[in-house]
$ cat coords_4.txt   # compact mmCIF, N, CA and C atoms
# COMPACT_ATOMS: atom_id res chain seq x y z
N MET Z 1 -60.72 -171.54 29.29
CA MET Z 1 -59.45 -170.84 29.30
C MET Z 1 -59.00 -170.55 30.73
N ARG Z 2 -59.97 -170.25 31.60
CA ARG Z 2 -59.62 -169.95 32.99
C ARG Z 2 -59.05 -171.17 33.70
N TRP Z 3 -59.65 -172.33 33.46
CA TRP Z 3 -59.17 -173.55 34.10
C TRP Z 3 -57.81 -173.96 33.55
N THR Z 4 -57.53 -173.60 32.30
CA THR Z 4 -56.23 -173.91 31.72
C THR Z 4 -55.12 -173.23 32.51
N MET Z 5 -55.37 -171.99 32.91
CA MET Z 5 -54.38 -171.25 33.70
C MET Z 5 -54.14 -171.93 35.05
N VAL Z 6 -55.20 -172.38 35.72
CA VAL Z 6 -55.06 -173.04 37.01
C VAL Z 6 -54.31 -174.36 36.86
N VAL Z 7 -54.67 -175.13 35.82
CA VAL Z 7 -53.99 -176.41 35.58
C VAL Z 7 -52.52 -176.18 35.26
N ALA Z 8 -52.23 -175.16 34.45
CA ALA Z 8 -50.83 -174.87 34.11
C ALA Z 8 -50.04 -174.49 35.36
N MET Z 9 -50.61 -173.67 36.24
CA MET Z 9 -49.90 -173.28 37.46
C MET Z 9 -49.72 -174.47 38.39
N ALA Z 10 -50.70 -175.36 38.45
CA ALA Z 10 -50.56 -176.56 39.28
C ALA Z 10 -49.46 -177.47 38.75
N LEU Z 11 -49.39 -177.62 37.42
CA LEU Z 11 -48.32 -178.44 36.84
C LEU Z 11 -46.95 -177.82 37.10
N VAL Z 12 -46.85 -176.50 36.96
CA VAL Z 12 -45.58 -175.82 37.23
C VAL Z 12 -45.18 -176.01 38.69
N MET Z 13 -46.16 -175.93 39.61
CA MET Z 13 -45.85 -176.15 41.03
C MET Z 13 -45.32 -177.56 41.25
N GLY Z 14 -45.94 -178.54 40.63
CA GLY Z 14 -45.49 -179.92 40.79
C GLY Z 14 -44.09 -180.13 40.25
N VAL Z 15 -43.83 -179.60 39.05
CA VAL Z 15 -42.50 -179.73 38.45
C VAL Z 15 -41.46 -179.00 39.29
N TRP Z 16 -41.79 -177.77 39.72
CA TRP Z 16 -40.85 -177.00 40.52
C TRP Z 16 -40.56 -177.68 41.86
N THR Z 17 -41.58 -178.28 42.44
CA THR Z 17 -41.37 -179.00 43.70
C THR Z 17 -40.40 -180.15 43.50
N ALA Z 18 -40.62 -180.94 42.47
CA ALA Z 18 -39.74 -182.10 42.21
C ALA Z 18 -38.32 -181.66 41.88
N ILE Z 19 -38.18 -180.66 41.01
CA ILE Z 19 -36.83 -180.22 40.62
C ILE Z 19 -36.13 -179.55 41.79
N SER Z 20 -36.85 -178.77 42.58
CA SER Z 20 -36.24 -178.13 43.75
C SER Z 20 -35.76 -179.18 44.75
N ALA Z 21 -36.58 -180.19 44.97
CA ALA Z 21 -36.19 -181.25 45.91
C ALA Z 21 -34.95 -181.99 45.42
N MET Z 22 -34.88 -182.24 44.12
CA MET Z 22 -33.71 -182.94 43.58
C MET Z 22 -32.47 -182.06 43.59
N SER Z 23 -32.62 -180.77 43.25
CA SER Z 23 -31.44 -179.91 43.18
C SER Z 23 -30.92 -179.55 44.57
N LEU Z 24 -31.81 -179.45 45.55
CA LEU Z 24 -31.38 -179.14 46.91
C LEU Z 24 -30.97 -180.39 47.69
N ALA Z 25 -31.32 -181.54 47.18
CA ALA Z 25 -31.10 -182.82 47.86
C ALA Z 25 -31.82 -182.83 49.21
N ASP Z 26 -32.91 -182.08 49.29
CA ASP Z 26 -33.71 -182.01 50.51
C ASP Z 26 -35.15 -181.73 50.09
N TRP Z 27 -36.06 -182.55 50.51
CA TRP Z 27 -37.45 -182.42 50.09
C TRP Z 27 -38.24 -181.48 50.98
N ARG Z 28 -37.71 -181.12 52.16
CA ARG Z 28 -38.49 -180.32 53.10
C ARG Z 28 -38.82 -178.91 52.63
N PRO Z 29 -37.87 -178.09 52.14
CA PRO Z 29 -38.26 -176.72 51.73
C PRO Z 29 -39.32 -176.66 50.63
N PRO Z 30 -39.20 -177.45 49.54
CA PRO Z 30 -40.26 -177.38 48.53
C PRO Z 30 -41.61 -177.87 49.04
N LEU Z 31 -41.60 -178.90 49.87
CA LEU Z 31 -42.88 -179.39 50.39
C LEU Z 31 -43.48 -178.42 51.40
N LEU Z 32 -42.64 -177.70 52.15
CA LEU Z 32 -43.17 -176.67 53.04
C LEU Z 32 -43.80 -175.54 52.24
N ALA Z 33 -43.17 -175.18 51.12
CA ALA Z 33 -43.76 -174.15 50.25
C ALA Z 33 -45.09 -174.64 49.69
N LEU Z 34 -45.15 -175.89 49.28
CA LEU Z 34 -46.39 -176.47 48.77
C LEU Z 34 -47.44 -176.54 49.88
N GLY Z 35 -47.00 -176.85 51.10
CA GLY Z 35 -47.91 -176.84 52.25
C GLY Z 35 -48.46 -175.45 52.53
N GLY Z 36 -47.63 -174.42 52.33
CA GLY Z 36 -48.09 -173.05 52.50
C GLY Z 36 -49.21 -172.71 51.52
N VAL Z 37 -49.09 -173.19 50.30
CA VAL Z 37 -50.15 -172.99 49.31
C VAL Z 37 -51.42 -173.71 49.75
N GLY Z 38 -51.26 -174.92 50.27
CA GLY Z 38 -52.41 -175.66 50.77
C GLY Z 38 -53.10 -174.94 51.92
N VAL Z 39 -52.31 -174.33 52.81
CA VAL Z 39 -52.88 -173.57 53.92
C VAL Z 39 -53.68 -172.38 53.39
N LEU Z 40 -53.15 -171.69 52.36
CA LEU Z 40 -53.89 -170.57 51.77
C LEU Z 40 -55.23 -171.03 51.19
N LEU Z 41 -55.20 -172.14 50.46
CA LEU Z 41 -56.43 -172.65 49.84
C LEU Z 41 -57.41 -173.14 50.90
N PHE Z 42 -56.91 -173.83 51.93
CA PHE Z 42 -57.76 -174.32 53.01
C PHE Z 42 -58.35 -173.14 53.78
N GLY Z 43 -57.53 -172.11 54.04
CA GLY Z 43 -58.03 -170.92 54.74
C GLY Z 43 -59.11 -170.21 53.94
N ALA Z 44 -58.94 -170.14 52.61
CA ALA Z 44 -59.97 -169.52 51.77
C ALA Z 44 -61.26 -170.31 51.84
N ALA Z 45 -61.15 -171.65 51.81
CA ALA Z 45 -62.36 -172.48 51.87
C ALA Z 45 -63.07 -172.34 53.21
N ILE Z 46 -62.31 -172.27 54.31
CA ILE Z 46 -62.92 -172.10 55.64
C ILE Z 46 -63.61 -170.75 55.75
N LEU Z 47 -62.92 -169.67 55.30
CA LEU Z 47 -63.53 -168.34 55.33
C LEU Z 47 -64.79 -168.29 54.46
N ALA Z 48 -64.73 -168.94 53.30
CA ALA Z 48 -65.89 -168.96 52.41
C ALA Z 48 -67.07 -169.67 53.08
N ARG Z 49 -66.78 -170.77 53.74
CA ARG Z 49 -67.86 -171.51 54.39
C ARG Z 49 -68.49 -170.70 55.53
N LEU Z 50 -67.65 -169.95 56.25
CA LEU Z 50 -68.17 -169.13 57.34
C LEU Z 50 -69.02 -167.97 56.84
N HIS Z 51 -68.69 -167.43 55.67
CA HIS Z 51 -69.36 -166.23 55.17
C HIS Z 51 -70.40 -166.51 54.08
N ARG Z 52 -70.56 -167.75 53.66
CA ARG Z 52 -71.45 -168.08 52.56
C ARG Z 52 -72.90 -168.07 53.01
N SER Z 53 -73.76 -167.47 52.20
CA SER Z 53 -75.19 -167.56 52.46
C SER Z 53 -75.73 -168.76 51.70
N SER Z 54 -76.91 -169.22 52.04
CA SER Z 54 -77.43 -170.47 51.48
C SER Z 54 -77.68 -170.38 49.98
N GLU Z 55 -78.06 -169.22 49.45
CA GLU Z 55 -78.34 -169.13 48.02
C GLU Z 55 -77.13 -168.68 47.21
N GLN Z 56 -76.01 -168.46 47.85
CA GLN Z 56 -74.86 -167.88 47.18
C GLN Z 56 -74.07 -168.88 46.33
N GLN Z 57 -74.13 -170.14 46.64
CA GLN Z 57 -73.31 -171.14 45.95
C GLN Z 57 -73.89 -171.44 44.57
N ARG Z 58 -73.28 -170.82 43.53
CA ARG Z 58 -73.78 -170.96 42.16
C ARG Z 58 -72.81 -171.72 41.27
N SER Z 59 -71.52 -171.52 41.49
CA SER Z 59 -70.53 -172.13 40.60
C SER Z 59 -70.33 -173.59 41.00
N GLY Z 60 -69.61 -174.32 40.14
CA GLY Z 60 -69.37 -175.72 40.41
C GLY Z 60 -67.90 -176.01 40.61
N GLY Z 61 -67.61 -177.19 41.07
CA GLY Z 61 -66.23 -177.63 41.22
C GLY Z 61 -65.49 -176.96 42.35
N LEU Z 62 -64.19 -176.81 42.16
CA LEU Z 62 -63.32 -176.26 43.18
C LEU Z 62 -63.68 -174.82 43.52
N VAL Z 63 -64.12 -174.05 42.53
CA VAL Z 63 -64.44 -172.65 42.77
C VAL Z 63 -65.63 -172.50 43.70
N ALA Z 64 -66.53 -173.49 43.74
CA ALA Z 64 -67.69 -173.43 44.63
C ALA Z 64 -67.25 -173.40 46.08
N TRP Z 65 -66.11 -173.99 46.40
CA TRP Z 65 -65.61 -173.96 47.78
C TRP Z 65 -65.30 -172.54 48.22
N LEU Z 66 -64.99 -171.68 47.25
CA LEU Z 66 -64.54 -170.33 47.58
C LEU Z 66 -65.65 -169.29 47.50
N ASP Z 67 -66.88 -169.70 47.11
CA ASP Z 67 -68.00 -168.76 47.09
C ASP Z 67 -68.25 -168.25 48.49
N GLY Z 68 -68.27 -166.94 48.63
CA GLY Z 68 -68.47 -166.32 49.93
C GLY Z 68 -67.18 -165.92 50.61
N CYS Z 69 -66.04 -166.22 50.02
CA CYS Z 69 -64.76 -165.83 50.61
C CYS Z 69 -64.65 -164.31 50.60
N PRO Z 70 -64.27 -163.70 51.72
CA PRO Z 70 -64.18 -162.23 51.77
C PRO Z 70 -63.15 -161.70 50.78
N ARG Z 71 -63.40 -160.50 50.27
CA ARG Z 71 -62.50 -159.89 49.30
C ARG Z 71 -61.14 -159.58 49.89
N TRP Z 72 -61.08 -159.27 51.18
CA TRP Z 72 -59.81 -158.90 51.78
C TRP Z 72 -58.83 -160.07 51.78
N PHE Z 73 -59.35 -161.29 51.74
CA PHE Z 73 -58.46 -162.45 51.75
C PHE Z 73 -57.61 -162.51 50.48
N GLY Z 74 -58.19 -162.11 49.36
CA GLY Z 74 -57.42 -162.04 48.11
C GLY Z 74 -56.28 -161.05 48.24
N GLY Z 75 -56.51 -159.95 48.94
CA GLY Z 75 -55.44 -158.98 49.19
C GLY Z 75 -54.35 -159.55 50.06
N VAL Z 76 -54.73 -160.35 51.05
CA VAL Z 76 -53.73 -160.99 51.92
C VAL Z 76 -52.88 -161.97 51.12
N VAL Z 77 -53.53 -162.78 50.28
CA VAL Z 77 -52.80 -163.75 49.45
C VAL Z 77 -51.88 -163.03 48.48
N LEU Z 78 -52.36 -161.94 47.88
CA LEU Z 78 -51.52 -161.17 46.97
C LEU Z 78 -50.33 -160.58 47.71
N GLY Z 79 -50.56 -160.06 48.91
CA GLY Z 79 -49.46 -159.51 49.71
C GLY Z 79 -48.40 -160.56 50.04
N LEU Z 80 -48.84 -161.74 50.47
CA LEU Z 80 -47.90 -162.81 50.78
C LEU Z 80 -47.13 -163.26 49.54
N THR Z 81 -47.82 -163.30 48.40
CA THR Z 81 -47.17 -163.70 47.16
C THR Z 81 -46.13 -162.67 46.74
N LEU Z 82 -46.45 -161.39 46.88
CA LEU Z 82 -45.49 -160.34 46.54
C LEU Z 82 -44.30 -160.33 47.48
N VAL Z 83 -44.52 -160.60 48.77
CA VAL Z 83 -43.40 -160.70 49.72
C VAL Z 83 -42.50 -161.87 49.33
N ALA Z 84 -43.11 -163.00 48.95
CA ALA Z 84 -42.30 -164.15 48.52
C ALA Z 84 -41.52 -163.82 47.26
N LEU Z 85 -42.15 -163.10 46.32
CA LEU Z 85 -41.46 -162.71 45.10
C LEU Z 85 -40.31 -161.76 45.41
N GLY Z 86 -40.55 -160.78 46.29
CA GLY Z 86 -39.49 -159.86 46.69
C GLY Z 86 -38.35 -160.58 47.38
N THR Z 87 -38.66 -161.53 48.23
CA THR Z 87 -37.62 -162.31 48.92
C THR Z 87 -36.82 -163.13 47.93
N GLY Z 88 -37.51 -163.74 46.97
CA GLY Z 88 -36.81 -164.50 45.95
C GLY Z 88 -35.90 -163.64 45.11
N LEU Z 89 -36.38 -162.46 44.72
CA LEU Z 89 -35.53 -161.54 43.94
C LEU Z 89 -34.33 -161.07 44.75
N TYR Z 90 -34.56 -160.78 46.02
CA TYR Z 90 -33.46 -160.34 46.89
C TYR Z 90 -32.39 -161.43 47.00
N ARG Z 91 -32.84 -162.65 47.20
CA ARG Z 91 -31.89 -163.77 47.30
C ARG Z 91 -31.16 -164.00 45.99
N PHE Z 92 -31.90 -163.85 44.87
CA PHE Z 92 -31.30 -164.04 43.56
C PHE Z 92 -30.22 -162.98 43.29
N PHE Z 93 -30.56 -161.72 43.53
CA PHE Z 93 -29.58 -160.66 43.28
C PHE Z 93 -28.44 -160.68 44.29
N GLY Z 94 -28.71 -161.15 45.50
CA GLY Z 94 -27.64 -161.32 46.48
C GLY Z 94 -26.63 -162.37 46.04
N ARG Z 95 -27.11 -163.43 45.40
CA ARG Z 95 -26.21 -164.46 44.88
C ARG Z 95 -25.39 -163.93 43.72
N LEU Z 96 -26.01 -163.07 42.90
CA LEU Z 96 -25.28 -162.49 41.79
C LEU Z 96 -24.18 -161.55 42.29
N ASP Z 97 -24.48 -160.75 43.32
CA ASP Z 97 -23.49 -159.83 43.88
C ASP Z 97 -22.36 -160.58 44.57
N GLY Z 98 -22.68 -161.74 45.10
CA GLY Z 98 -21.66 -162.53 45.80
C GLY Z 98 -20.67 -163.19 44.85
N GLY Z 99 -20.95 -163.13 43.57
CA GLY Z 99 -20.03 -163.68 42.59
C GLY Z 99 -20.11 -165.19 42.44
N THR Z 100 -21.17 -165.81 42.96
CA THR Z 100 -21.27 -167.26 42.85
C THR Z 100 -21.76 -167.69 41.48
N GLY Z 101 -22.31 -166.76 40.72
CA GLY Z 101 -22.82 -167.12 39.40
C GLY Z 101 -24.15 -167.85 39.52
N LEU Z 102 -24.67 -168.23 38.39
CA LEU Z 102 -25.94 -168.93 38.37
C LEU Z 102 -25.71 -170.43 38.31
N GLY Z 103 -26.04 -171.11 39.37
CA GLY Z 103 -25.90 -172.55 39.42
C GLY Z 103 -27.26 -173.21 39.48
N ARG Z 104 -27.26 -174.50 39.63
CA ARG Z 104 -28.52 -175.25 39.67
C ARG Z 104 -29.37 -174.90 40.88
N SER Z 105 -28.74 -174.49 41.96
CA SER Z 105 -29.51 -174.23 43.18
C SER Z 105 -29.95 -172.78 43.29
N ASP Z 106 -29.80 -172.00 42.21
CA ASP Z 106 -30.17 -170.60 42.27
C ASP Z 106 -31.63 -170.39 41.90
N TRP Z 107 -31.91 -169.28 41.33
CA TRP Z 107 -33.25 -168.76 41.10
C TRP Z 107 -34.25 -169.79 40.57
N ALA Z 108 -33.89 -170.51 39.55
CA ALA Z 108 -34.85 -171.38 38.88
C ALA Z 108 -35.38 -172.48 39.78
N PHE Z 109 -34.61 -172.89 40.77
CA PHE Z 109 -35.04 -174.01 41.60
C PHE Z 109 -35.28 -173.60 43.05
N ASP Z 110 -35.54 -172.31 43.25
CA ASP Z 110 -35.82 -171.80 44.59
C ASP Z 110 -37.21 -172.27 45.02
N PRO Z 111 -37.35 -172.86 46.21
CA PRO Z 111 -38.68 -173.31 46.66
C PRO Z 111 -39.69 -172.18 46.79
N LEU Z 112 -39.20 -170.92 46.92
CA LEU Z 112 -40.14 -169.81 46.96
C LEU Z 112 -40.97 -169.72 45.68
N MET Z 113 -40.40 -170.20 44.58
CA MET Z 113 -41.14 -170.16 43.32
C MET Z 113 -42.38 -171.06 43.38
N VAL Z 114 -42.30 -172.15 44.13
CA VAL Z 114 -43.47 -173.01 44.32
C VAL Z 114 -44.58 -172.22 44.99
N PHE Z 115 -44.22 -171.46 46.04
CA PHE Z 115 -45.20 -170.67 46.77
C PHE Z 115 -45.75 -169.54 45.90
N ILE Z 116 -44.88 -168.93 45.09
CA ILE Z 116 -45.32 -167.83 44.23
C ILE Z 116 -46.35 -168.32 43.21
N PHE Z 117 -46.04 -169.41 42.52
CA PHE Z 117 -46.99 -169.95 41.55
C PHE Z 117 -48.27 -170.42 42.24
N GLY Z 118 -48.14 -171.02 43.40
CA GLY Z 118 -49.33 -171.45 44.14
C GLY Z 118 -50.18 -170.29 44.60
N GLY Z 119 -49.53 -169.22 45.06
CA GLY Z 119 -50.27 -168.03 45.47
C GLY Z 119 -51.03 -167.42 44.31
N PHE Z 120 -50.38 -167.36 43.14
CA PHE Z 120 -51.08 -166.84 41.97
C PHE Z 120 -52.22 -167.77 41.54
N ALA Z 121 -52.06 -169.07 41.74
CA ALA Z 121 -53.15 -170.01 41.41
C ALA Z 121 -54.34 -169.77 42.34
N VAL Z 122 -54.09 -169.57 43.64
CA VAL Z 122 -55.18 -169.30 44.58
C VAL Z 122 -55.86 -167.98 44.22
N LEU Z 123 -55.06 -166.95 43.89
CA LEU Z 123 -55.64 -165.67 43.48
C LEU Z 123 -56.51 -165.83 42.23
N HIS Z 124 -56.03 -166.64 41.30
CA HIS Z 124 -56.80 -166.87 40.07
C HIS Z 124 -58.12 -167.59 40.38
N LEU Z 125 -58.09 -168.54 41.30
CA LEU Z 125 -59.33 -169.22 41.69
C LEU Z 125 -60.29 -168.24 42.37
N LEU Z 126 -59.75 -167.36 43.21
CA LEU Z 126 -60.62 -166.36 43.85
C LEU Z 126 -61.23 -165.43 42.81
N GLN Z 127 -60.43 -165.05 41.81
CA GLN Z 127 -60.95 -164.19 40.74
C GLN Z 127 -62.01 -164.93 39.92
N MET Z 128 -61.80 -166.22 39.65
CA MET Z 128 -62.79 -167.01 38.91
C MET Z 128 -64.10 -167.08 39.68
N ARG Z 129 -63.99 -167.18 40.99
CA ARG Z 129 -65.19 -167.23 41.82
C ARG Z 129 -65.97 -165.93 41.70
N ARG Z 130 -65.26 -164.80 41.70
CA ARG Z 130 -65.94 -163.50 41.58
C ARG Z 130 -66.59 -163.35 40.21
N LEU Z 131 -65.87 -163.76 39.17
CA LEU Z 131 -66.43 -163.68 37.82
C LEU Z 131 -67.64 -164.57 37.68
N GLY Z 132 -67.57 -165.79 38.26
CA GLY Z 132 -68.70 -166.72 38.20
C GLY Z 132 -69.92 -166.20 38.92
N SER Z 133 -69.72 -165.53 40.05
CA SER Z 133 -70.87 -165.02 40.80
C SER Z 133 -71.49 -163.84 40.08
N ARG Z 134 -70.67 -163.03 39.36
CA ARG Z 134 -71.23 -161.92 38.58
C ARG Z 134 -72.04 -162.45 37.40
N GLU Z 135 -71.50 -163.48 36.72
CA GLU Z 135 -72.21 -164.04 35.57
C GLU Z 135 -73.50 -164.74 36.00
N GLY Z 136 -73.47 -165.36 37.19
CA GLY Z 136 -74.66 -166.06 37.69
C GLY Z 136 -75.74 -165.08 38.11
N GLY Z 137 -75.35 -163.85 38.51
CA GLY Z 137 -76.33 -162.86 38.95
C GLY Z 137 -77.02 -162.14 37.81
N ARG Z 138 -76.48 -162.29 36.59
CA ARG Z 138 -77.06 -161.60 35.43
C ARG Z 138 -78.23 -162.34 34.87
$ encode --input "coords_4.txt" --output "structure tokens"
Amino acid sequence: MRWTMVVAMALVMGVWTAISAMSLADWRPPLLALGGVGVLLFGAAILARLHRSSEQQRSGGLVAWLDGCPRWFGGVVLGLTLVALGTGLYRFFGRLDGGTGLGRSDWAFDPLMVFIFGGFAVLHLLQMRRLGSREGGR
């Protein structure tokens, strides 16, 4: 069930990236948002590798890369995701106040949504890593 959530968020990121690129007629903003998610995941893997002890790696697959990642990093990812969500909401409500109405280039196809879903996917992977290490210690 946990992997289903990660796969669903990855599929949503892919679809949102493609639709955002088509609706904006520019591929750079959605791919930059996707690159930001990659930087978060790469940063988590680097921090985990720096802080991992030799016996700590218990889980398998992608989550094993994150074993040893400091807890504060999850807070940083959550903060960045919430800032992106707040920025997206601000832009959405600003468009509504401006009287432009809801068009194809509004909320649903905002590249920030790619980053928001990706940030939540990274947070979910970090949480899976914590749950896996607790279950492995029992």
$ axis_aligned_box --input "coords_4.txt" --around "range 65-82 of chain Z" --padding-each-side "6 Å" --output "lines of an AutoDock Vina configuration file"
center_x = -56.4
center_y = -166.4
center_z = 49.2
size_x = 36.2
size_y = 27.1
size_z = 17.5
$ atom_distance --input "coords_4.txt" --atom1 "atom N of Leu34 in chain Z" --atom2 "atom C of Phe115 in chain Z"
7.2 Å
$ closest_residue --input "coords_4.txt" --among "Z:Ala25, Z:Val114, Z:Asp67, Z:Leu31" --to "Met13 in chain Z" --atoms "only N, CA and C atoms"
Z:Val114
$ closest_residue --input "coords_4.txt" --among "Z:Ala44, Z:Met22, Z:Leu78, Z:Val39" --to "Phe120 in chain Z" --atoms "all atoms listed in the file"
Z:Leu78
$ atom_distance --input "coords_4.txt" --atom1 "atom N of Arg71 in chain Z" --atom2 "atom N of Met128 in chain Z"
12.2 Å
$ residues_around --input "coords_4.txt" --residues "Thr81 in chain Z" --least-positions-apart "3" --cutoff "8 Å" --atoms "only N, CA and C atoms" --output "NGL selection string"
:Z and (75-78 or 84-87 or 115-120)
$ atom_distance --input "coords_4.txt" --atom1 "CA of Met5 in chain Z" --atom2 "atom N of Val122 in chain Z"
10.1 Å
$ closest_residue --input "coords_4.txt" --among "Z:Trp3, Z:Asp110, Z:Arg52, Z:Gly36" --to "Ile19 in chain Z" --atoms "all atoms listed in the file"
Z:Asp110
$ residues_around --input "coords_4.txt" --residues "Pro29 in chain Z" --least-positions-apart "3" --cutoff "8 Å" --atoms "all atoms listed in the file" --output "PDB file with N, CA and C atoms, in the frame of the given file"
ATOM      1  N   THR Z  17     -41.580-178.280  42.440  1.00  0.00           N
ATOM      2  CA  THR Z  17     -41.370-179.000  43.700  1.00  0.00           C
ATOM      3  C   THR Z  17     -40.400-180.150  43.500  1.00  0.00           C
ATOM      4  N   SER Z  20     -36.850-178.770  42.580  1.00  0.00           N
ATOM      5  CA  SER Z  20     -36.240-178.130  43.750  1.00  0.00           C
ATOM      6  C   SER Z  20     -35.760-179.180  44.750  1.00  0.00           C
ATOM      7  N   ALA Z  21     -36.580-180.190  44.970  1.00  0.00           N
ATOM      8  CA  ALA Z  21     -36.190-181.250  45.910  1.00  0.00           C
ATOM      9  C   ALA Z  21     -34.950-181.990  45.420  1.00  0.00           C
ATOM     10  N   ASP Z  26     -32.910-182.080  49.290  1.00  0.00           N
ATOM     11  CA  ASP Z  26     -33.710-182.010  50.510  1.00  0.00           C
ATOM     12  C   ASP Z  26     -35.150-181.730  50.090  1.00  0.00           C
ATOM     13  N   LEU Z  32     -42.640-177.700  52.150  1.00  0.00           N
ATOM     14  CA  LEU Z  32     -43.170-176.670  53.040  1.00  0.00           C
ATOM     15  C   LEU Z  32     -43.800-175.540  52.240  1.00  0.00           C
ATOM     16  N   ALA Z  33     -43.170-175.180  51.120  1.00  0.00           N
ATOM     17  CA  ALA Z  33     -43.760-174.150  50.250  1.00  0.00           C
ATOM     18  C   ALA Z  33     -45.090-174.640  49.690  1.00  0.00           C
ATOM     19  N   LEU Z  34     -45.150-175.890  49.280  1.00  0.00           N
ATOM     20  CA  LEU Z  34     -46.390-176.470  48.770  1.00  0.00           C
ATOM     21  C   LEU Z  34     -47.440-176.540  49.880  1.00  0.00           C
ATOM     22  N   GLY Z  35     -47.000-176.850  51.100  1.00  0.00           N
ATOM     23  CA  GLY Z  35     -47.910-176.840  52.250  1.00  0.00           C
ATOM     24  C   GLY Z  35     -48.460-175.450  52.530  1.00  0.00           C
ATOM     25  N   ASP Z 110     -35.540-172.310  43.250  1.00  0.00           N
ATOM     26  CA  ASP Z 110     -35.820-171.800  44.590  1.00  0.00           C
ATOM     27  C   ASP Z 110     -37.210-172.270  45.020  1.00  0.00           C
ATOM     28  N   PRO Z 111     -37.350-172.860  46.210  1.00  0.00           N
ATOM     29  CA  PRO Z 111     -38.680-173.310  46.660  1.00  0.00           C
ATOM     30  C   PRO Z 111     -39.690-172.180  46.790  1.00  0.00           C
ATOM     31  N   LEU Z 112     -39.200-170.920  46.920  1.00  0.00           N
ATOM     32  CA  LEU Z 112     -40.140-169.810  46.960  1.00  0.00           C
ATOM     33  C   LEU Z 112     -40.970-169.720  45.680  1.00  0.00           C
TER      34      LEU Z 112
END
$ residues_near_point --input "coords_4.txt" --point "(-67.2, -169.6, 54.5)" --cutoff "12 Å" --atoms "only C-alpha atoms" --output "VMD selection string"
chain Z and resid 42 to 54 56 to 57 64 to 71 73
$ closest_residue --input "coords_4.txt" --among "Z:Val63, Z:Gly74, Z:Leu89, Z:Val37" --to "Leu123 in chain Z" --atoms "all atoms listed in the file"
Z:Gly74
$ build_atoms --input "coords_4.txt" --residues "range 81-85 of chain Z" --atoms "all heavy atoms" --output "compact mmCIF listing (two decimals), keeping the file's coordinate frame"
# COMPACT_ATOMS: atom_id res chain seq x y z
N THR Z 81 -47.82 -163.30 48.40
CA THR Z 81 -47.17 -163.70 47.16
C THR Z 81 -46.13 -162.67 46.74
O THR Z 81 -45.02 -163.02 46.32
CB THR Z 81 -48.22 -163.90 46.05
OG1 THR Z 81 -49.20 -164.84 46.51
CG2 THR Z 81 -47.59 -164.41 44.78
N LEU Z 82 -46.45 -161.39 46.88
CA LEU Z 82 -45.49 -160.34 46.54
C LEU Z 82 -44.30 -160.33 47.48
O LEU Z 82 -43.16 -160.09 47.05
CB LEU Z 82 -46.19 -158.98 46.52
CG LEU Z 82 -47.19 -158.77 45.38
CD1 LEU Z 82 -47.86 -157.40 45.50
CD2 LEU Z 82 -46.53 -158.93 44.03
N VAL Z 83 -44.52 -160.60 48.77
CA VAL Z 83 -43.40 -160.70 49.72
C VAL Z 83 -42.50 -161.87 49.33
O VAL Z 83 -41.26 -161.75 49.35
CB VAL Z 83 -43.92 -160.84 51.17
CG1 VAL Z 83 -42.83 -161.28 52.12
CG2 VAL Z 83 -44.53 -159.53 51.63
N ALA Z 84 -43.11 -163.00 48.95
CA ALA Z 84 -42.30 -164.15 48.52
C ALA Z 84 -41.52 -163.82 47.26
O ALA Z 84 -40.34 -164.18 47.12
CB ALA Z 84 -43.20 -165.37 48.28
N LEU Z 85 -42.15 -163.10 46.32
CA LEU Z 85 -41.46 -162.71 45.10
C LEU Z 85 -40.31 -161.76 45.41
O LEU Z 85 -39.21 -161.91 44.88
CB LEU Z 85 -42.45 -162.06 44.13
CG LEU Z 85 -41.90 -161.61 42.78
CD1 LEU Z 85 -41.33 -162.80 42.02
CD2 LEU Z 85 -42.97 -160.92 41.97
